[in-house]
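*Asks:* One structure, as structure tokens, below. Some questions next.
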Amino acid sequence: MYFLASQSPRRRQLLEQIGIAFDVLDVEIPEVRAAGEPALDYVSRVAREKAGAGLLQVAGVPDAVVIAADTEVELDGEVFGKPVDAEDARRMLGRLGGRTHRVISVVWLLTAGAEDHAVSLSEVTFAAFEPGQIEAYVASGEPFGKAGAYAIQGRGAAFVSHLSGSYSGVMGLPLHETSRLLRRFPVISAVKGDRWRLQGRD
């Protein structure tokens, strides 16, 4: 049985999009980057800790597979997490305007006896902001709860002049990489409308 260790509605939507049936786990993991920790290592560590915390919650469930992910925006070595307030959101967006940033998304799958992960790296280019555009976007409320203070699947799409990489990865769960991971676990998997067995490993 699959469990998604995330309360993110975007990750739930994306996992449902590829037909996976799952239950949701509520996990609380501190998202604090250690001094000198590379951005990719940080994102992977947080995702792995989320999956580990989720696995502890379902330790008594036979064949449980826990899925967890973390996604962050990186620019000039700085990791842009979720803005703490409107001022922080304006600061992030101001830095991103007219530039190309990297979006790091890492997904981990854990079972009682195995684990694996995949990395998705995307580059997103923002056009320069027009006067008042940042203020209007922050006032919409959409930047809050989003890494880098924007949602590519929402109004934030209007800022993106170019994307190289994974659209779903920028949203928060890279579907190609996640699907490949799921196929590496030879377990019974619930797919909406059917039951099927994953065969072998990629």
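Ligands are numbered from 1 in the order shown, residues from 1 within each chain, and chains are lettered A, B, ... in the order they appear in the structure tokens.
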Just the alpha helix (DSSP H) stuff from stretch 84-202 of chain A, please, per backbone DSSP, written as an MDAnalysis selection string.

*Replies:* chainID A and resid 86:96 133:140 167:171 175:183

*Asks:* Any chance you can output those residues with N, CA, C and O atoms as a compact mmCIF listing (two decimals), in the first residue's frame?

*Replies:*
```
# COMPACT_ATOMS: atom_id res chain seq x y z
N ALA A 86 4.62 38.63 3.76
CA ALA A 86 4.52 39.34 2.49
C ALA A 86 5.84 39.99 2.09
O ALA A 86 6.22 39.98 0.92
N GLU A 87 6.54 40.54 3.07
CA GLU A 87 7.82 41.18 2.76
C GLU A 87 8.82 40.16 2.21
O GLU A 87 9.56 40.44 1.26
N ASP A 88 8.85 38.98 2.82
CA ASP A 88 9.74 37.93 2.36
C ASP A 88 9.37 37.48 0.96
O ASP A 88 10.23 37.23 0.11
N ALA A 89 8.08 37.38 0.67
CA ALA A 89 7.63 37.01 -0.67
C ALA A 89 8.05 38.05 -1.70
O ALA A 89 8.53 37.70 -2.79
N ARG A 90 7.90 39.32 -1.35
CA ARG A 90 8.32 40.38 -2.28
C ARG A 90 9.82 40.33 -2.52
O ARG A 90 10.28 40.54 -3.65
N ARG A 91 10.58 40.04 -1.47
CA ARG A 91 12.04 39.95 -1.61
C ARG A 91 12.42 38.83 -2.57
O ARG A 91 13.24 39.02 -3.47
N MET A 92 11.82 37.66 -2.37
CA MET A 92 12.13 36.52 -3.23
C MET A 92 11.79 36.81 -4.68
O MET A 92 12.60 36.59 -5.59
N LEU A 93 10.59 37.29 -4.92
CA LEU A 93 10.17 37.56 -6.29
C LEU A 93 11.04 38.63 -6.94
O LEU A 93 11.37 38.54 -8.13
N GLY A 94 11.41 39.63 -6.16
CA GLY A 94 12.29 40.67 -6.68
C GLY A 94 13.63 40.12 -7.13
O GLY A 94 14.20 40.56 -8.14
N ARG A 95 14.13 39.14 -6.40
CA ARG A 95 15.40 38.50 -6.77
C ARG A 95 15.24 37.63 -8.02
O ARG A 95 16.17 37.53 -8.83
N LEU A 96 14.08 37.01 -8.18
CA LEU A 96 13.89 36.08 -9.29
C LEU A 96 13.57 36.78 -10.61
O LEU A 96 13.83 36.23 -11.68
N GLN A 133 3.45 44.59 -10.44
CA GLN A 133 3.14 43.18 -10.67
C GLN A 133 3.42 42.32 -9.43
O GLN A 133 2.62 41.44 -9.09
N ILE A 134 4.52 42.57 -8.78
CA ILE A 134 4.86 41.80 -7.58
C ILE A 134 3.84 42.07 -6.48
O ILE A 134 3.34 41.13 -5.83
N GLU A 135 3.50 43.32 -6.26
CA GLU A 135 2.54 43.68 -5.21
C GLU A 135 1.19 42.99 -5.46
O GLU A 135 0.56 42.46 -4.53
N ALA A 136 0.74 43.01 -6.70
CA ALA A 136 -0.55 42.40 -7.02
C ALA A 136 -0.51 40.90 -6.79
O ALA A 136 -1.48 40.30 -6.29
N TYR A 137 0.61 40.29 -7.13
CA TYR A 137 0.72 38.84 -6.96
C TYR A 137 0.77 38.46 -5.49
O TYR A 137 0.09 37.51 -5.07
N VAL A 138 1.51 39.20 -4.72
CA VAL A 138 1.58 38.92 -3.28
C VAL A 138 0.20 39.13 -2.64
O VAL A 138 -0.24 38.34 -1.79
N ALA A 139 -0.50 40.17 -3.08
CA ALA A 139 -1.84 40.44 -2.54
C ALA A 139 -2.83 39.33 -2.86
O ALA A 139 -3.81 39.13 -2.14
N SER A 140 -2.56 38.56 -3.92
CA SER A 140 -3.46 37.46 -4.28
C SER A 140 -3.38 36.31 -3.28
O SER A 140 -4.28 35.47 -3.23
N TYR A 167 7.95 20.20 -15.47
CA TYR A 167 6.87 21.06 -14.97
C TYR A 167 6.33 20.52 -13.65
O TYR A 167 6.15 21.28 -12.69
N SER A 168 6.09 19.21 -13.58
CA SER A 168 5.57 18.63 -12.34
C SER A 168 6.61 18.70 -11.22
O SER A 168 6.25 18.84 -10.04
N GLY A 169 7.88 18.65 -11.59
CA GLY A 169 8.93 18.80 -10.58
C GLY A 169 8.92 20.18 -9.97
O GLY A 169 9.11 20.34 -8.76
N VAL A 170 8.68 21.20 -10.79
CA VAL A 170 8.59 22.57 -10.27
C VAL A 170 7.35 22.69 -9.38
O VAL A 170 7.36 23.40 -8.37
N MET A 171 6.29 21.98 -9.73
CA MET A 171 5.08 21.98 -8.89
C MET A 171 5.33 21.33 -7.53
O MET A 171 4.73 21.72 -6.54
N LEU A 175 6.84 13.72 -11.89
CA LEU A 175 6.07 12.51 -12.16
C LEU A 175 6.85 11.45 -12.92
O LEU A 175 6.69 10.25 -12.66
N HIS A 176 7.68 11.84 -13.86
CA HIS A 176 8.48 10.84 -14.59
C HIS A 176 9.39 10.10 -13.62
O HIS A 176 9.43 8.86 -13.60
N GLU A 177 10.11 10.85 -12.81
CA GLU A 177 11.03 10.23 -11.86
C GLU A 177 10.29 9.40 -10.82
O GLU A 177 10.73 8.31 -10.44
N THR A 178 9.14 9.90 -10.37
CA THR A 178 8.36 9.17 -9.37
C THR A 178 7.84 7.86 -9.96
O THR A 178 7.89 6.81 -9.31
N SER A 179 7.36 7.90 -11.19
CA SER A 179 6.87 6.68 -11.84
C SER A 179 7.96 5.64 -11.99
O SER A 179 7.74 4.44 -11.77
N ARG A 180 9.16 6.07 -12.34
CA ARG A 180 10.27 5.13 -12.46
C ARG A 180 10.63 4.52 -11.11
O ARG A 180 10.93 3.33 -11.01
N LEU A 181 10.59 5.32 -10.08
CA LEU A 181 10.85 4.79 -8.74
C LEU A 181 9.82 3.74 -8.35
O LEU A 181 10.17 2.69 -7.81
N LEU A 182 8.56 4.02 -8.61
CA LEU A 182 7.50 3.08 -8.25
C LEU A 182 7.69 1.74 -8.94
O LEU A 182 7.41 0.68 -8.36
N ARG A 183 8.20 1.76 -10.16
CA ARG A 183 8.41 0.50 -10.89
C ARG A 183 9.60 -0.29 -10.35
O ARG A 183 9.73 -1.48 -10.67
```

*Asks:* If you run DSSP on the backbone, which residues of stretch 4-177 of chain A are strand (DSSP E), as a ChimeraX atom specification?

*Replies:* /A:4-5,22-25,65-75,78-80,100-110,115-126,160-164

*Asks:* Kindly export the residues of the current selection with N, CA and C atoms, as a compact mmCIF listing (two decimals), in the first residue's frame.

*Replies:*
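Output contents, as saved in result23.txt:
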```txt
# COMPACT_ATOMS: atom_id res chain seq x y z
N LEU A 4 1.53 8.72 1.06
CA LEU A 4 2.20 9.97 0.70
C LEU A 4 2.43 10.77 1.97
N ALA A 5 3.71 10.97 2.31
CA ALA A 5 4.05 11.71 3.52
C ALA A 5 4.09 13.20 3.20
N PHE A 22 -3.53 5.98 -2.82
CA PHE A 22 -2.65 6.16 -1.66
C PHE A 22 -3.42 6.77 -0.51
N ASP A 23 -2.85 6.64 0.68
CA ASP A 23 -3.33 7.36 1.85
C ASP A 23 -2.32 8.44 2.18
N VAL A 24 -2.77 9.47 2.89
CA VAL A 24 -1.93 10.62 3.21
C VAL A 24 -1.49 10.56 4.66
N LEU A 25 -0.21 10.84 4.89
CA LEU A 25 0.35 10.91 6.24
C LEU A 25 0.72 12.36 6.54
N VAL A 65 4.62 1.31 1.40
CA VAL A 65 5.61 2.09 0.66
C VAL A 65 5.30 3.56 0.91
N VAL A 66 6.27 4.28 1.44
CA VAL A 66 6.07 5.70 1.76
C VAL A 66 6.77 6.55 0.71
N ILE A 67 6.04 7.50 0.19
CA ILE A 67 6.55 8.44 -0.82
C ILE A 67 6.65 9.81 -0.17
N ALA A 68 7.79 10.46 -0.34
CA ALA A 68 7.95 11.82 0.18
C ALA A 68 8.83 12.61 -0.78
N ALA A 69 8.61 13.92 -0.81
CA ALA A 69 9.39 14.77 -1.71
C ALA A 69 9.62 16.12 -1.06
N ASP A 70 10.64 16.79 -1.56
CA ASP A 70 10.87 18.18 -1.17
C ASP A 70 11.31 18.94 -2.40
N THR A 71 10.89 20.18 -2.49
CA THR A 71 11.20 21.03 -3.64
C THR A 71 11.61 22.41 -3.14
N GLU A 72 12.72 22.89 -3.65
CA GLU A 72 13.20 24.22 -3.28
C GLU A 72 13.71 24.95 -4.51
N VAL A 73 13.72 26.26 -4.40
CA VAL A 73 14.24 27.14 -5.45
C VAL A 73 15.63 27.62 -5.02
N GLU A 74 16.57 27.61 -5.97
CA GLU A 74 17.94 28.04 -5.66
C GLU A 74 18.37 29.12 -6.65
N LEU A 75 18.96 30.16 -6.12
CA LEU A 75 19.52 31.23 -6.95
C LEU A 75 20.77 31.77 -6.28
N GLU A 78 21.65 30.62 -2.83
CA GLU A 78 20.65 30.80 -1.78
C GLU A 78 19.44 29.92 -2.06
N VAL A 79 18.97 29.24 -1.02
CA VAL A 79 17.77 28.41 -1.16
C VAL A 79 16.57 29.23 -0.74
N PHE A 80 15.60 29.32 -1.64
CA PHE A 80 14.38 30.06 -1.38
C PHE A 80 13.30 29.06 -0.98
N THR A 100 17.26 33.55 -14.37
CA THR A 100 17.01 32.11 -14.41
C THR A 100 17.43 31.49 -13.08
N HIS A 101 16.52 30.74 -12.47
CA HIS A 101 16.83 30.06 -11.22
C HIS A 101 16.68 28.56 -11.39
N ARG A 102 17.19 27.83 -10.43
CA ARG A 102 17.10 26.37 -10.47
C ARG A 102 16.06 25.88 -9.47
N VAL A 103 15.28 24.90 -9.88
CA VAL A 103 14.33 24.25 -8.98
C VAL A 103 14.80 22.82 -8.74
N ILE A 104 15.04 22.50 -7.49
CA ILE A 104 15.50 21.17 -7.10
C ILE A 104 14.34 20.42 -6.47
N SER A 105 14.02 19.26 -7.03
CA SER A 105 12.97 18.43 -6.46
C SER A 105 13.51 17.02 -6.29
N VAL A 106 13.41 16.49 -5.08
CA VAL A 106 13.90 15.14 -4.78
C VAL A 106 12.76 14.33 -4.19
N VAL A 107 12.59 13.12 -4.70
CA VAL A 107 11.55 12.23 -4.19
C VAL A 107 12.20 10.96 -3.65
N TRP A 108 11.76 10.52 -2.47
CA TRP A 108 12.25 9.30 -1.83
C TRP A 108 11.09 8.32 -1.68
N LEU A 109 11.38 7.03 -1.88
CA LEU A 109 10.46 5.95 -1.57
C LEU A 109 11.13 5.04 -0.55
N LEU A 110 10.42 4.75 0.53
CA LEU A 110 10.94 3.89 1.59
C LEU A 110 9.96 2.77 1.90
N GLU A 115 14.96 1.23 0.06
CA GLU A 115 14.73 2.65 -0.19
C GLU A 115 15.42 3.05 -1.48
N ASP A 116 14.91 4.09 -2.09
CA ASP A 116 15.49 4.61 -3.32
C ASP A 116 15.03 6.05 -3.50
N HIS A 117 15.72 6.79 -4.33
CA HIS A 117 15.32 8.18 -4.54
C HIS A 117 15.69 8.62 -5.95
N ALA A 118 15.12 9.75 -6.35
CA ALA A 118 15.40 10.33 -7.66
C ALA A 118 15.44 11.84 -7.53
N VAL A 119 16.21 12.45 -8.42
CA VAL A 119 16.42 13.90 -8.40
C VAL A 119 15.91 14.51 -9.70
N SER A 120 15.23 15.62 -9.60
CA SER A 120 14.80 16.39 -10.77
C SER A 120 15.34 17.81 -10.64
N LEU A 121 16.09 18.24 -11.64
CA LEU A 121 16.65 19.59 -11.66
C LEU A 121 16.07 20.34 -12.86
N SER A 122 15.46 21.47 -12.59
CA SER A 122 14.86 22.27 -13.65
C SER A 122 15.38 23.70 -13.58
N GLU A 123 15.37 24.36 -14.72
CA GLU A 123 15.74 25.77 -14.78
C GLU A 123 14.53 26.57 -15.24
N VAL A 124 14.20 27.59 -14.48
CA VAL A 124 13.03 28.43 -14.77
C VAL A 124 13.50 29.87 -14.96
N THR A 125 13.11 30.46 -16.06
CA THR A 125 13.46 31.86 -16.33
C THR A 125 12.23 32.74 -16.16
N PHE A 126 12.38 33.77 -15.34
CA PHE A 126 11.32 34.76 -15.16
C PHE A 126 11.60 35.96 -16.06
N VAL A 160 6.73 33.17 -16.09
CA VAL A 160 7.72 32.23 -16.61
C VAL A 160 7.86 32.38 -18.12
N SER A 161 9.03 32.83 -18.54
CA SER A 161 9.28 32.98 -19.98
C SER A 161 9.91 31.73 -20.57
N HIS A 162 10.52 30.89 -19.73
CA HIS A 162 11.13 29.67 -20.24
C HIS A 162 11.27 28.66 -19.11
N LEU A 163 11.02 27.39 -19.45
CA LEU A 163 11.22 26.29 -18.51
C LEU A 163 12.02 25.21 -19.19
N SER A 164 13.09 24.79 -18.55
CA SER A 164 13.88 23.66 -19.02
C SER A 164 13.89 22.62 -17.91
```

*Asks:* Residues within 6 Å of A:Ala127, please, as a compact mmCIF listing (two decimals) with all heavy atoms, in the first residue's frame. Count only C-alpha atoms; anything in the same chain fewer than 5 positions from it doesn't count.

*Replies:*
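What follows is the written file part22.txt:
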```txt
# COMPACT_ATOMS: atom_id res chain seq x y z
N GLY A 97 13.03 37.99 -10.53
CA GLY A 97 12.60 38.70 -11.73
C GLY A 97 13.74 38.92 -12.73
O GLY A 97 14.82 39.37 -12.35
N GLY A 98 13.49 38.58 -13.99
CA GLY A 98 14.47 38.82 -15.04
C GLY A 98 15.66 37.88 -15.02
O GLY A 98 16.65 38.11 -15.72
N PHE A 159 4.67 34.69 -15.16
CA PHE A 159 6.02 35.25 -15.04
C PHE A 159 7.06 34.41 -15.77
O PHE A 159 8.18 34.88 -15.99
CB PHE A 159 6.43 35.34 -13.57
CG PHE A 159 5.39 35.97 -12.67
CD1 PHE A 159 5.17 35.48 -11.39
CD2 PHE A 159 4.63 37.03 -13.11
CE1 PHE A 159 4.22 36.04 -10.56
CE2 PHE A 159 3.67 37.61 -12.29
CZ PHE A 159 3.46 37.11 -11.01
N SER A 161 9.03 32.83 -18.54
CA SER A 161 9.28 32.98 -19.98
C SER A 161 9.91 31.73 -20.57
O SER A 161 9.82 31.51 -21.79
CB SER A 161 10.19 34.19 -20.25
OG SER A 161 11.45 34.02 -19.60
```

*Asks:* Please compute the atom CA of A:Lys82-atom CA of A:Ala21 distance, one decimal, in Å.

*Replies:*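 Straight-line distance from atom CA of A:Lys82 to atom CA of A:Ala21 works out to 28.0 Å.
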
*Asks:* Quick one: residues within 10 Å of A:Pro62, only C-alpha atoms counted, chain neighbours fewer than 3 positions away excluded, as a list of chain:residue names?

*Replies:*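 These residues fall inside the cut-off: A:Met1, A:Val58, A:Ala59, A:Val65, A:Thr111, A:Ala112.
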
*Asks:* Using atom CA of A:Asp76 and atom CA of A:Gly156 as the two end points, give the distance in Å to one decimal.

*Replies:*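 Calculated distance between atom CA of A:Asp76 and atom CA of A:Gly156 is 21.0 Å.
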
*Asks:* Please indicate the distance in Å from atom CA of A:Val32 to atom CA of A:Lys146, rounded to one decimal place.

*Replies:*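 These atoms are spaced 15.8 Å apart.
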
*Asks:* At a cut-off of 8 Å, using only C-alpha atoms, what residues contact A:Arg10? Leave out same-chain residues fewer than 3 positions from it and give the result as a list in words.

*Replies:*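 Listing them by chain and then by number gives Gln13, Leu14, Met171 and Gly172 of chain A.
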